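Peer 1: File follows, coords38.txt with compact mmCIF, C-alpha atoms:
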# COMPACT_ATOMS: atom_id res chain seq x y z
CA GLY A 182 51.87 58.88 9.51
CA ALA A 183 55.12 57.55 8.08
CA ASP A 184 57.10 60.16 10.02
CA ASN A 185 59.25 60.54 13.10
CA PRO A 186 56.37 61.15 15.57
CA GLY A 187 54.61 58.03 14.31
CA ALA A 188 57.76 55.95 14.55
CA SER A 189 58.33 57.26 18.06
CA ILE A 190 54.84 56.21 19.18
CA LEU A 191 55.37 52.66 17.94
CA ARG A 192 58.94 52.45 19.28
CA ASP A 193 58.06 53.67 22.76
CA ASN A 194 55.00 51.46 23.21
CA LYS A 195 56.26 47.95 22.64
CA HIS A 196 53.98 46.73 25.44
CA ILE A 197 50.88 47.64 23.39
CA ASP A 198 49.43 45.48 20.60
CA THR A 199 49.75 47.76 17.56
CA SER A 200 48.91 45.11 14.95
CA LEU A 201 45.86 47.07 13.75
CA VAL A 202 47.71 50.39 13.39
CA LYS A 203 47.78 51.66 9.80
CA ILE A 204 50.75 53.72 8.64
CA LEU A 205 49.83 56.23 5.94
CA ASP A 206 52.62 57.61 3.76
CA SER A 207 50.75 60.70 2.63
CA HIS A 208 49.56 61.97 6.05
CA ALA A 209 51.20 63.39 9.18
CA THR A 210 50.79 61.79 12.58
CA ALA A 211 48.33 63.74 14.71
CA THR A 212 49.99 66.32 16.96
CA TYR A 213 48.78 68.67 19.69
CA THR A 214 50.68 71.56 21.25
CA VAL A 215 49.36 73.11 24.44
CA ILE A 216 50.25 76.50 25.93
CA LEU A 217 50.41 76.54 29.74
CA ASP A 218 50.44 79.33 32.28
CA ARG A 219 52.94 79.48 35.14
CA LEU A 220 50.68 77.27 37.27
CA GLY A 221 50.61 74.49 34.69
CA GLU A 222 47.02 75.24 33.61
CA CYS A 223 46.12 75.04 29.92
CA ILE A 224 45.54 78.41 28.21
CA PHE A 225 44.94 77.09 24.71
CA GLY A 226 46.10 74.38 22.35
CA VAL A 227 46.77 73.91 18.64
CA GLY A 228 46.35 70.52 17.01
CA ASP A 229 46.57 68.77 13.66
CA MET A 230 44.04 65.92 13.74
CA GLU A 231 43.45 65.59 10.00
CA ILE A 232 44.67 62.00 9.87
CA HIS A 233 41.80 60.89 12.11
CA ASN A 234 39.48 61.39 9.15
CA LYS A 235 41.10 58.32 7.61
CA ILE A 236 39.34 56.23 10.26
CA SER A 237 36.40 55.72 7.94
CA ARG A 238 33.21 53.69 8.10
CA GLU A 239 34.72 51.24 5.61
CA TYR A 240 37.84 50.79 7.72
CA LEU A 241 35.82 50.19 10.89
CA LEU A 242 33.53 47.70 9.13
CA SER A 243 36.64 45.77 8.12
CA LEU A 244 37.44 45.47 11.84
CA GLU A 245 34.03 44.14 12.85
CA ASP A 246 35.42 40.73 13.85
CA ASP A 247 38.11 42.39 16.00
CA ILE A 248 35.50 44.59 17.67
CA PHE A 249 33.25 41.58 18.28
CA GLN A 250 36.12 39.81 20.06
CA SER A 251 36.94 42.86 22.22
CA SER A 252 35.97 43.16 25.86
CA PHE A 253 35.86 46.97 25.72
CA VAL A 254 36.14 49.76 23.13
CA VAL A 255 37.38 53.29 23.84
CA SER A 256 37.06 56.26 21.49
CA ASP A 257 37.70 59.96 21.82
CA GLY A 258 35.99 62.73 19.90
CA ASN A 259 38.67 63.20 17.27
CA ILE A 260 37.22 60.68 14.81
CA SER A 261 34.55 61.85 12.37
CA GLU A 262 30.85 61.78 13.16
CA ASN A 263 30.36 59.08 10.53
CA ALA A 264 33.12 56.95 12.06
CA LEU A 265 31.72 57.38 15.57
CA ASP A 266 28.24 56.49 14.33
CA THR A 267 29.68 53.31 12.78
CA LEU A 268 31.54 52.44 15.96
CA LEU A 269 28.36 52.84 18.01
CA GLU A 270 26.53 50.64 15.53
CA LEU A 271 29.17 47.89 15.67
CA CYS A 272 29.47 47.96 19.47
CA GLY A 273 25.70 47.78 19.82
CA ARG A 274 25.54 44.88 17.41
CA SER A 275 28.37 43.05 19.17
CA GLY A 276 27.32 43.79 22.75
CA VAL A 277 30.64 45.48 23.53
CA PRO A 278 30.74 48.45 25.95
CA LEU A 279 31.83 51.73 24.34
CA PHE A 280 33.58 54.43 26.38
CA TYR A 281 33.53 57.91 24.81
CA GLU A 282 35.98 60.64 25.84
CA PRO A 283 34.50 63.85 24.41
CA THR A 284 37.80 65.74 23.87
CA CYS A 285 36.12 69.16 23.66
CA MET A 286 32.76 70.94 23.94
CA SER A 287 32.09 70.93 20.20
CA LYS A 288 32.42 67.14 20.03
CA ALA A 289 30.67 66.25 23.29
CA GLN A 290 27.22 65.96 21.69
CA ARG A 291 28.23 63.67 18.83
CA PRO A 292 27.29 60.26 20.27
CA LEU A 293 24.04 61.64 21.69
CA LEU A 294 22.90 62.85 18.27
CA SER A 295 23.67 59.50 16.63
CA LYS A 296 20.82 57.16 15.71
CA HIS A 297 22.85 54.53 17.60
CA SER A 298 23.17 56.61 20.79
CA GLY A 299 21.73 53.75 22.85
CA SER A 300 24.96 51.83 22.27
CA LEU A 301 26.98 54.34 24.31
CA THR A 302 27.88 52.84 27.70
CA TYR A 303 30.34 55.27 29.32
CA THR A 304 31.34 58.87 28.81
CA SER A 305 33.76 61.10 30.74
CA PRO A 306 32.99 64.78 30.11
CA ASN A 307 34.46 67.69 31.99
CA LEU A 308 32.12 70.41 33.24
CA ASN A 309 31.94 72.37 29.99
CA GLU A 310 31.46 69.21 27.95
CA LEU A 311 28.63 68.10 30.25
CA VAL A 312 26.91 71.46 29.73
CA SER A 313 27.16 70.90 25.97
CA MET A 314 25.58 67.46 26.37
CA LEU A 315 22.76 68.86 28.50
CA GLU A 316 21.85 71.28 25.73
CA THR A 317 20.61 68.30 23.68
CA LEU A 318 17.88 67.39 26.20
CA PRO A 319 14.40 68.11 24.85
CA ASP A 320 13.16 69.75 28.06
CA LYS A 321 16.05 72.28 28.10
CA PRO A 322 16.80 72.02 31.85
CA THR A 323 18.19 74.86 33.93
CA ILE A 324 21.96 74.49 34.17
CA PRO A 325 23.70 75.68 37.34
CA ASP A 326 26.63 78.08 37.45
CA ILE A 327 29.70 75.85 37.11
CA SER A 328 32.24 78.60 37.78
CA HIS A 329 32.02 77.74 41.48
CA ILE A 330 31.46 74.18 42.69
CA ASP A 331 29.68 73.64 46.02
CA ILE A 332 27.38 70.92 47.33
CA ASP A 333 24.30 72.54 45.79
CA THR A 334 26.01 72.57 42.40
CA ILE A 335 27.02 68.92 42.85
CA ASN A 336 23.42 67.96 43.64
CA ALA A 337 22.15 69.79 40.57
CA LEU A 338 24.78 68.19 38.33
CA ALA A 339 23.89 64.75 39.69
CA ARG A 340 20.22 65.22 38.80
CA LEU A 341 21.10 66.51 35.34
CA SER A 342 23.52 63.63 34.71
CA VAL A 343 20.76 61.16 35.55
CA ARG A 344 18.51 62.95 33.06
CA LEU A 345 21.12 62.24 30.37
CA LEU A 346 21.32 58.60 31.43
CA GLU A 347 17.55 58.31 31.18
CA GLU A 348 17.26 60.09 27.85
CA TYR A 349 20.05 58.30 25.98
CA GLY A 350 20.27 54.91 27.68
CA MET A 351 23.85 55.32 28.86
CA SER A 352 25.11 53.43 31.88
CA VAL A 353 27.79 55.68 33.42
CA ILE A 354 28.77 59.36 33.30
CA LEU A 355 32.17 60.03 34.84
CA LEU A 356 32.15 63.81 35.31
CA THR A 357 35.64 65.19 35.87
CA MET A 358 35.92 68.54 37.64
CA SER A 359 39.66 69.15 37.91
CA LYS A 360 40.62 70.12 41.49
CA ASP A 361 36.98 69.71 42.59
CA GLY A 362 37.05 65.96 42.00
CA VAL A 363 34.77 63.53 40.22
CA LEU A 364 31.02 62.90 40.13
CA LEU A 365 30.06 59.39 39.02
CA SER A 366 26.40 59.00 38.01
CA ARG A 367 25.16 55.64 36.82
CA ARG A 368 22.47 53.04 36.45
CA GLY A 369 22.35 50.82 39.52
CA SER A 370 23.60 51.38 43.04
CA PRO A 371 27.20 52.32 43.89
CA ASP A 372 27.78 48.68 44.85
CA THR A 373 26.47 47.25 41.59
CA PRO A 374 29.42 46.06 39.47
CA LEU A 375 30.34 48.54 36.77
CA PRO A 376 29.10 47.42 33.35
CA THR A 377 31.41 45.18 31.33
CA ARG A 378 30.69 42.99 28.35
CA SER A 379 29.44 40.19 30.58
CA THR A 380 26.96 42.46 32.40
CA LEU A 381 26.01 44.87 29.62
CA ALA A 382 22.87 42.97 28.62
CA SER A 383 21.33 43.65 32.03
CA LYS A 384 21.66 47.45 31.89
CA THR A 385 18.12 47.94 30.67
CA THR A 386 16.83 46.11 33.74
CA LEU A 387 18.52 48.55 36.12
CA ASP A 388 15.86 51.14 36.84
CA ARG A 389 17.66 52.68 39.82
CA TYR A 390 20.14 55.52 39.42
CA SER A 391 22.85 56.69 41.79
CA SER A 392 25.42 59.48 42.00
CA VAL A 393 28.53 59.54 44.15
CA TYR A 394 30.79 62.56 44.59
CA TYR A 395 34.52 62.02 45.09
CA PRO A 396 36.13 65.25 46.37
CA GLY A 397 39.36 66.32 44.73
CA ASN A 398 42.80 65.76 46.19
CA PRO A 399 44.83 68.27 44.15
CA ALA A 400 48.40 67.46 43.23
CA SER A 401 51.19 69.54 44.71
CA ASN A 402 54.03 70.93 42.60
CA VAL A 403 51.91 70.94 39.44
CA VAL A 404 53.99 71.11 36.24
CA SER A 405 51.22 70.58 33.67
CA VAL A 406 47.57 69.56 33.87
CA SER A 407 47.58 68.59 30.17
CA GLY A 408 46.93 64.87 30.00
CA ALA A 409 45.60 64.55 33.55
CA GLY A 410 42.04 63.90 32.37
CA ASP A 411 43.16 61.19 29.96
CA CYS A 412 45.24 59.55 32.69
CA LEU A 413 42.27 59.66 35.06
CA THR A 414 40.14 57.94 32.42
CA ALA A 415 42.85 55.34 31.76
CA GLY A 416 43.19 54.51 35.46
CA PHE A 417 39.43 54.24 35.83
CA ILE A 418 39.11 51.91 32.83
CA ALA A 419 42.02 49.75 34.00
CA GLY A 420 40.25 49.34 37.33
CA LEU A 421 36.86 48.44 35.89
CA LEU A 422 38.43 45.86 33.55
CA GLN A 423 39.83 44.22 36.69
CA GLY A 424 36.30 44.11 38.12
CA LEU A 425 37.07 46.59 40.90
CA HIS A 426 34.45 48.48 42.89
CA GLN A 427 33.70 51.94 41.45
CA ASP A 428 35.38 53.61 44.47
CA HIS A 429 38.65 51.85 43.67
CA CYS A 430 38.32 52.64 39.95
CA VAL A 431 37.93 56.35 40.67
CA ALA A 432 40.79 56.23 43.18
CA ALA A 433 43.04 54.61 40.55
CA GLY A 434 42.08 57.30 38.05
CA MET A 435 42.84 60.09 40.50
CA GLN A 436 46.25 58.59 41.30
CA ALA A 437 47.10 58.43 37.60
CA ALA A 438 45.94 62.03 37.11
CA ARG A 439 48.17 63.27 39.95
CA LEU A 440 51.18 61.49 38.42
CA SER A 441 50.45 63.30 35.14
CA CYS A 442 50.22 66.70 36.84
CA ASN A 443 53.74 66.35 38.25
CA VAL A 444 55.50 66.02 34.88
CA SER A 445 55.51 67.88 31.57
CA ASP A 446 54.62 64.77 29.55
CA ALA A 447 50.88 64.25 29.06
CA VAL A 448 51.34 60.59 29.96
CA PRO A 449 54.15 60.13 32.50
CA SER A 450 56.74 57.47 31.66
CA ILE A 451 56.45 56.12 35.21
CA LEU A 452 52.71 55.40 34.83
CA GLU A 453 52.69 51.63 35.30
CA THR A 454 50.38 49.26 37.14
CA ASN A 455 52.77 48.99 40.09
CA LYS A 456 52.55 52.76 40.63
CA ILE A 457 48.83 52.52 41.42
CA ASN A 458 47.35 51.33 44.70
CA TRP A 459 44.38 49.41 43.31
CA ASN A 460 42.80 49.03 46.75
CA GLN A 461 43.21 52.62 47.90
CA LYS A 462 40.32 53.95 49.95
CA ILE A 463 38.85 57.25 48.80
CA GLU A 464 36.58 59.86 50.34
CA SER A 465 33.10 59.75 48.84
CA VAL A 466 29.72 61.36 49.36
CA ILE A 467 26.57 59.59 48.18
CA ILE A 468 24.41 62.24 46.49
CA MET A 469 21.53 60.03 45.38
What would the structure in this file look like if it were written as structure tokens?

Peer 2:
Amino acid sequence: GADNPGASILRDNKHIDTSLVKILDSHATATYTVILDRLGECIFGVGDMEIHNKISREYLLSLEDDIFQSSFVVSDGNISENALDTLLELCGRSGVPLFYEPTCMSKAQRPLLSKHSGSLTYTSPNLNELVSMLETLPDKPTIPDISHIDIDTINALARLSVRLLEEYGMSVILLTMSKDGVLLSRRGSPDTPLPTRSTLASKTTLDRYSSVYYPGNPASNVVSVSGAGDCLTAGFIAGLLQGLHQDHCVAAGMQAARLSCNVSDAVPSILETNKINWNQKIESVIIM
């Protein structure tokens, strides 16, 4: 929007290429206000995302050349179903990996219900969003109690995540579980390079599936958990674009998430590449 929040976003992010950003005079920049408890946990949030509906099929089609030249595309669930369907179509046509961040339970199913669902490469649901995704499976599998996470729950979630990979042709599910850590389920072994544009064409030849559990390392002195999931995703994506092993990508994501938890801003101002140890070792448990 042509307003102060929009101007602030552009002013404070000079390091980002914003050449494709459209400024709309008649709409407000998207905003989200979250209410936290005394422990920094989210109670509820109120958002105005109306402007995202201006990301239309026609607008995305006008960017087809830019998408074709991209190495990676990331979308969250705030765009319309029609826009997401178009984005899946264009990424599939261009051979560009698409990473989908579900945003909330009600939007988690969107790419799976698209006729272009096979173009989805990565997704990063939380526990509730994964449950929503599982409800789309035709065999209606039994879903474990996710109110308490133990090794039996992890094993069950790994099997169910693989079912989603099989059904929809995805490559990677990065399941985030707050203080309980991350479960990464994927096509290929844990040592197979994570899919990028150069390796995407081979995903259909990977008939092995694996799941690795990365136990949580909760932050101390938590101020706000709002934004931690997005920072985890950002760190993970930054690692995979560098060609790092999945262990190091998850470790980078967890470091970024902890930095977010220690400040009130969703994205901490100190979150820079030199704040992340890109070779940090991380505890992991191979589930399958």

Peer 1: Just the number, please: distance in Å from atom CA of Asp247 of chain A to atom CA of Glu270 of chain A, one decimal.

Peer 2: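 Rounded to one decimal, the two atoms are 14.2 Å apart.
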
Peer 1: Kindly indicate which residue among A:Pro322, A:Asp388, A:Arg340, A:Pro306 lies nearest to Ile354 of chain A, using only C-alpha atoms for the distances.

Peer 2: A:Pro306

Peer 1: Please compute the atom CA of Leu356 of chain A-atom CA of Leu311 of chain A distance, one decimal, in Å.

Peer 2: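 For atom CA of Leu356 of chain A relative to atom CA of Leu311 of chain A, the distance reads 7.5 Å.
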
Peer 1: Let me make sure I understand: among A:Leu422, A:Leu452, A:Ala409, A:Val343, which one has the smallest atom-to-atom distance to Ser251 of chain A if we use only C-alpha atoms?

Peer 2: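 Answer, going by the shortest atom-to-atom distance: A:Leu422.
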
Peer 1: Set the distance at 9 Å and use only C-alpha atoms: which residues neighbour segment 292-296 of chain A once local chain neighbours fewer than 2 positions away are removed? I'd like the list as a PyMOL selection string.

Peer 2: chain A and resi 262+265-266+269-270+281+288-290+298-301+314+317+349

Peer 1: Give the answer as one residue: which of A:Leu318, A:Leu191, A:Leu220, A:Met351 has the shortest atom-to-atom distance to Asn443 of chain A, using all atoms listed in the file?

Peer 2: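 Distance minimum relative to Asn443 of chain A lands on A:Leu220.
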
Peer 1: For segment 359-366 of chain A, list every protein, DNA or RNA residue within 6 Å, evaluated using all atoms listed in the file, and leave out those in the same chain fewer than 5 positions away; present the list as a ChimeraX atom specification.

Peer 2: /A:353-354,391-397,399

Peer 1: Kindly export the residues of the current selection with C-alpha atoms, as a JSON list (two decimals), in the coordinates of the input.

Peer 2:
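As a result, selection-v1.json now contains:
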[["chain", "number", "residue", "atom", "x", "y", "z"],
["A", 353, "VAL", "CA", 27.79, 55.68, 33.42],
["A", 354, "ILE", "CA", 28.77, 59.36, 33.30],
["A", 391, "SER", "CA", 22.85, 56.69, 41.79],
["A", 392, "SER", "CA", 25.42, 59.48, 42.00],
["A", 393, "VAL", "CA", 28.53, 59.54, 44.15],
["A", 394, "TYR", "CA", 30.79, 62.56, 44.59],
["A", 395, "TYR", "CA", 34.52, 62.02, 45.09],
["A", 396, "PRO", "CA", 36.13, 65.25, 46.37],
["A", 397, "GLY", "CA", 39.36, 66.32, 44.73],
["A", 399, "PRO", "CA", 44.83, 68.27, 44.15]]

Peer 1: Check the smallest atom-to-atom distance from each of A:Cys412, A:Leu346, A:Ile451, A:Ile327 to Gly434 of chain A using only C-alpha atoms, then report the winner.

Peer 2: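 Closest to Gly434 of chain A, using only C-alpha atoms: A:Cys412.
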
Peer 1: Grab the atom CA of Ala209 of chain A to atom CA of Leu279 of chain A distance for me, in Å with one decimal place.

Peer 2: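 Computing the Euclidean distance for atom CA of Ala209 of chain A and atom CA of Leu279 of chain A yields 27.2 Å.
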
Peer 1: Go through A:Arg238, A:Lys203, A:Arg439, A:Lys321 and flag the residue nearest Val406 of chain A, using only C-alpha atoms for the distances.

Peer 2: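 Looking only at the distances to Val406 of chain A, the closest residue turns out to be A:Arg439.
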
Peer 1: Between A:Leu241, A:Leu345, A:Cys285, A:Lys235, which one has atoms that come closest to Pro319 of chain A, using all atoms listed in the file?

Peer 2: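 Going through A:Leu241, A:Leu345, A:Cys285, A:Lys235 one by one, the smallest distance to Pro319 of chain A is for A:Leu345.
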